[in-house]
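Student: For reference, the file model_14.tsv (TSV, C-alpha atoms) is included below:
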```tsv
chain	number	residue	atom	x	y	z
A	1	MET	CA	17.46	324.54	185.45
A	2	GLU	CA	15.91	322.56	182.65
A	3	THR	CA	12.89	323.10	180.44
A	4	VAL	CA	10.63	320.08	180.42
A	5	ASP	CA	7.11	319.16	179.39
A	6	VAL	CA	5.74	318.35	182.81
A	7	LYS	CA	2.78	316.01	182.90
A	8	LEU	CA	0.11	318.35	184.21
A	9	SER	CA	-2.08	315.40	185.22
A	10	THR	CA	0.67	314.27	187.60
A	11	LEU	CA	0.67	317.74	189.15
A	12	GLY	CA	-3.09	317.44	189.57
A	13	LEU	CA	-2.53	314.18	191.44
A	14	CYS	CA	-0.02	315.93	193.71
A	15	ALA	CA	-2.56	318.67	194.38
A	16	ARG	CA	-5.29	316.19	195.26
A	17	ALA	CA	-2.86	314.44	197.61
A	18	GLY	CA	-2.17	317.77	199.33
A	19	LYS	CA	1.56	317.56	198.60
A	20	ILE	CA	2.06	320.90	196.83
A	21	VAL	CA	2.77	324.48	197.71
A	22	ALA	CA	1.41	326.91	195.11
A	23	GLY	CA	2.41	330.51	194.48
A	24	THR	CA	5.72	332.31	194.38
A	25	GLN	CA	5.67	333.61	197.96
A	26	MET	CA	4.55	330.30	199.46
A	27	VAL	CA	7.19	328.42	197.45
A	28	CYS	CA	9.89	330.80	198.69
A	29	ASP	CA	8.71	330.37	202.29
A	30	ALA	CA	8.65	326.56	201.95
A	31	LEU	CA	12.17	326.63	200.48
A	32	LYS	CA	13.40	328.49	203.57
A	33	GLU	CA	11.78	325.84	205.77
A	34	LYS	CA	13.38	323.08	203.63
A	35	LYS	CA	10.04	321.41	202.93
A	36	LEU	CA	10.33	321.07	199.14
A	37	HIS	CA	11.91	318.41	196.95
A	38	LEU	CA	11.13	319.98	193.56
A	39	VAL	CA	10.03	323.36	192.23
A	40	ILE	CA	8.25	323.87	188.92
A	41	SER	CA	8.10	327.32	187.39
A	42	ALA	CA	5.63	328.32	184.67
A	43	SER	CA	6.81	329.78	181.39
A	44	GLY	CA	6.12	333.45	180.89
A	45	ASN	CA	7.01	334.52	184.41
A	46	SER	CA	8.52	337.96	184.75
A	47	GLU	CA	12.30	338.18	184.96
A	48	ASN	CA	12.14	339.19	188.62
A	49	THR	CA	9.91	336.27	189.55
A	50	GLN	CA	12.03	333.79	187.61
A	51	LYS	CA	15.26	335.12	189.15
A	52	ARG	CA	13.79	335.04	192.64
A	53	ILE	CA	12.72	331.41	192.31
A	54	SER	CA	15.93	330.36	190.56
A	55	ASP	CA	18.19	332.02	193.13
A	56	ARG	CA	16.35	330.46	196.06
A	57	CYS	CA	16.38	326.98	194.50
A	58	THR	CA	20.11	327.30	193.83
A	59	TYR	CA	20.80	328.50	197.38
A	60	TYR	CA	18.79	325.68	199.00
A	61	ASN	CA	19.97	323.08	196.43
A	62	ILE	CA	16.46	322.16	195.23
A	63	PRO	CA	15.88	321.10	191.59
A	64	LEU	CA	14.03	323.66	189.48
A	65	ILE	CA	12.13	322.77	186.33
A	66	LEU	CA	10.99	325.43	183.90
A	67	CYS	CA	7.70	324.07	182.61
A	68	SER	CA	6.48	324.80	179.08
A	69	ALA	CA	2.97	325.45	180.45
A	70	THR	CA	1.84	329.01	181.15
A	71	SER	CA	0.81	330.11	184.63
A	72	GLU	CA	-2.85	329.78	183.60
A	73	GLU	CA	-2.33	326.18	182.43
A	74	LEU	CA	-0.32	325.32	185.53
A	75	GLY	CA	-2.99	326.79	187.80
A	76	HIS	CA	-5.76	325.00	185.91
A	77	ALA	CA	-4.00	321.65	186.40
A	78	LEU	CA	-3.95	322.35	190.15
A	79	GLY	CA	-7.55	323.53	190.32
A	80	LYS	CA	-6.44	327.07	191.16
A	81	GLY	CA	-6.06	330.39	189.40
A	82	PRO	CA	-2.90	331.40	187.52
A	83	THR	CA	0.10	330.01	189.41
A	84	ALA	CA	3.67	331.09	188.68
A	85	ALA	CA	5.42	328.41	190.75
A	86	VAL	CA	4.62	325.10	192.40
A	87	GLY	CA	6.64	323.23	194.98
A	88	ILE	CA	6.25	319.51	195.66
A	89	THR	CA	6.70	318.39	199.25
A	90	ASP	CA	6.77	314.61	198.73
A	91	ILE	CA	9.94	312.98	197.35
A	92	SER	CA	8.09	310.11	195.65
A	93	LEU	CA	5.70	312.46	193.86
A	94	ALA	CA	8.62	314.69	192.88
A	95	ARG	CA	10.26	311.67	191.25
A	96	ALA	CA	7.00	310.81	189.49
A	97	VAL	CA	6.74	314.32	188.05
A	98	THR	CA	10.32	314.30	186.76
A	99	GLY	CA	10.12	310.70	185.59
A	100	LYS	CA	13.27	309.78	187.51
A	101	GLN	CA	13.23	306.64	189.61
A	102	LYS	CA	15.26	306.00	192.73
A	103	GLN	CA	18.66	304.59	191.85
```
Translate the structure of the given file into structure tokens.
Tutor:
Amino acid sequence: METVDVKLSTLGLCARAGKIVAGTQMVCDALKEKKLHLVISASGNSENTQKRISDRCTYYNIPLILCSATSEELGHALGKGPTAAVGITDISLARAVTGKQKQ
């Protein structure tokens, strides 16, 4: 898990494209169904929430980024209320968020 300044505008683009899953429970469900390529967790989450997301990402081998934005800022970027975790379902958009290109 790494802490990164995620470009919130890129997350907004993902949301408009319909390629996100927002909320801790929905992210956990999507991880079980192997639909996600990247999970972003807001700073300031409770220990239980952070552990739950981290453990699931580790188990399903999905990259997890701890964002420096709060849940309110993360939710605002998505056009939603406070959001503790966001999953990205498209591999190209996940690469755009992390800034890593295909090698």
Student: CA of Cys28 in chain A to CA of Gly87 in chain A: how many Å, to one decimal?
Tutor: 9.0 Å
Student: How far is it from CA of Arg56 in chain A to CA of Gly44 in chain A, in Å with one decimal?
Tutor: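 The value is 18.5 Å.
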Student: Between A:Leu38, A:Ile53, A:Ile65, A:Met26, which has the minimum distance to Cys14 in chain A (counting all atoms listed in the file)?
Tutor: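 Smallest separation from Cys14 in chain A among the options: A:Leu38.
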Student: Record the distance separating CA of Ser71 in chain A and CA of Ser41 in chain A, expressed in Å with one decimal.
Tutor: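 Computing the Euclidean distance for CA of Ser71 in chain A and CA of Ser41 in chain A yields 8.3 Å.
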Student: Just checking: using all atoms listed in the file, which residue out of A:Leu8, A:Ala30, A:Gln25, A:His37 ends up closest to Ile88 in chain A?
Tutor: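 Going through A:Leu8, A:Ala30, A:Gln25, A:His37 one by one, the smallest distance to Ile88 in chain A is for A:His37.
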Student: Would you please work out which residue, of A:Asn48, A:Thr58, A:Thr89, A:Ser9, is nearest to Gly75 in chain A when using only C-alpha atoms?
Tutor: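 Smallest distance to Gly75 in chain A is found for A:Ser9.
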Student: Report as a list in words all protein, DNA and RNA residues lying within 12 Å of Lys80 in chain A, evaluated on all atoms listed in the file, omitting residues in the same chain fewer than 3 positions from it.
Tutor: Leu11, Gly12, Ala15, Arg16, Ile20, Val21, Ala22, Gly23, Ser71, Glu72, Glu73, Leu74, Gly75, His76, Ala77, Thr83, Ala84, Ala85 and Val86 of chain A
Student: Restricting the calculation to only C-alpha atoms, which member of A:Ser54, A:Thr49, A:Ser43, A:Thr10 is positioned closest to Leu66 in chain A?
Tutor: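 For Leu66 in chain A, the nearest of the given residues is A:Ser43.
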Student: Nearest residue to Gly79 in chain A out of A:Lys35, A:Leu13, A:Ala42, A:Val97, using all atoms listed in the file?
Tutor: A:Leu13
